[in-house]
Amino acid sequence: MAMSIVADLCTSCGDCEPVCPTGAIVPRKGVFYINAATCTECEPDHDMPQCLSVCMELDCIIPAE
């Protein structure tokens, strides 16, 4: 499974990009995007996705469907 950024809620602060251990978070069209092919939800190295730990917007980063 992977995480996803809700574009309408993303403020483009960029805090999530440097904490992603797989480099799955990239800027796209003014907001950030998580590449589902490379996102591992930070498993097995972390207890939770690192992007969630730094994102200040509620429900901006959610599990991808």
# chains A, B, ... in the order shown; residues from 1 in each chain; ligands from 1
>>> residues_around(residues="Cys20 in chain A", least_positions_apart="5", cutoff="10 Å", atoms="only C-alpha atoms", output="JSON, numbers by chain")
{"A": [15, 25, 26, 34, 39, 40, 41, 42, 49, 50, 51]}
>>> select_by_dssp(residues="range 12-42 of chain A", states="strand (DSSP E or B)", output="count of residues only")
8
>>> atom_distance(atom1="CA of Cys10 in chain A", atom2="CA of Ser53 in chain A")
14.7 Å
>>> select_by_dssp(residues="chain A", states="alpha helix (DSSP H)", output="list of chain:residue names")
A:Cys16, A:Glu17, A:Pro18, A:Val19, A:Gln50, A:Cys51, A:Leu52, A:Ser53, A:Val54
>>> atom_distance(atom1="CA of Glu57 in chain A", atom2="CA of Pro44 in chain A")
24.8 Å
>>> residues_around(residues="Leu58 in chain A", least_positions_apart="3", cutoff="9 Å", atoms="only C-alpha atoms", output="number ranges by chain")
A: 9, 55, 61
>>> write_last_selection(atoms="all heavy atoms", output="JSON list (two decimals), in the first residue's frame")
[["chain", "number", "residue", "atom", "x", "y", "z"],
["A", 9, "LEU", "N", -5.73, 20.04, -0.35],
["A", 9, "LEU", "CA", -5.33, 20.37, 1.02],
["A", 9, "LEU", "C", -3.84, 20.68, 1.15],
["A", 9, "LEU", "O", -3.42, 21.27, 2.15],
["A", 9, "LEU", "CB", -5.70, 19.23, 1.96],
["A", 9, "LEU", "CG", -7.18, 18.90, 2.08],
["A", 9, "LEU", "CD1", -7.38, 17.69, 2.99],
["A", 9, "LEU", "CD2", -7.97, 20.10, 2.60],
["A", 55, "CYS", "N", 3.53, 16.58, 8.38],
["A", 55, "CYS", "CA", 2.48, 17.34, 7.69],
["A", 55, "CYS", "C", 1.60, 18.06, 8.71],
["A", 55, "CYS", "O", 1.07, 17.44, 9.63],
["A", 55, "CYS", "CB", 1.64, 16.44, 6.80],
["A", 55, "CYS", "SG", 0.42, 17.37, 5.84],
["A", 61, "ILE", "N", -2.52, 13.96, 3.94],
["A", 61, "ILE", "CA", -1.86, 12.72, 3.49],
["A", 61, "ILE", "C", -2.67, 11.55, 4.02],
["A", 61, "ILE", "O", -2.87, 11.42, 5.23],
["A", 61, "ILE", "CB", -0.40, 12.66, 3.98],
["A", 61, "ILE", "CG1", 0.36, 13.88, 3.44],
["A", 61, "ILE", "CG2", 0.25, 11.37, 3.53],
["A", 61, "ILE", "CD1", 1.77, 14.01, 3.96]]
>>> closest_residue(among="A:Val54, A:Cys16, A:Met48, A:Ala7", to="Val31 in chain A", atoms="only C-alpha atoms")
A:Ala7
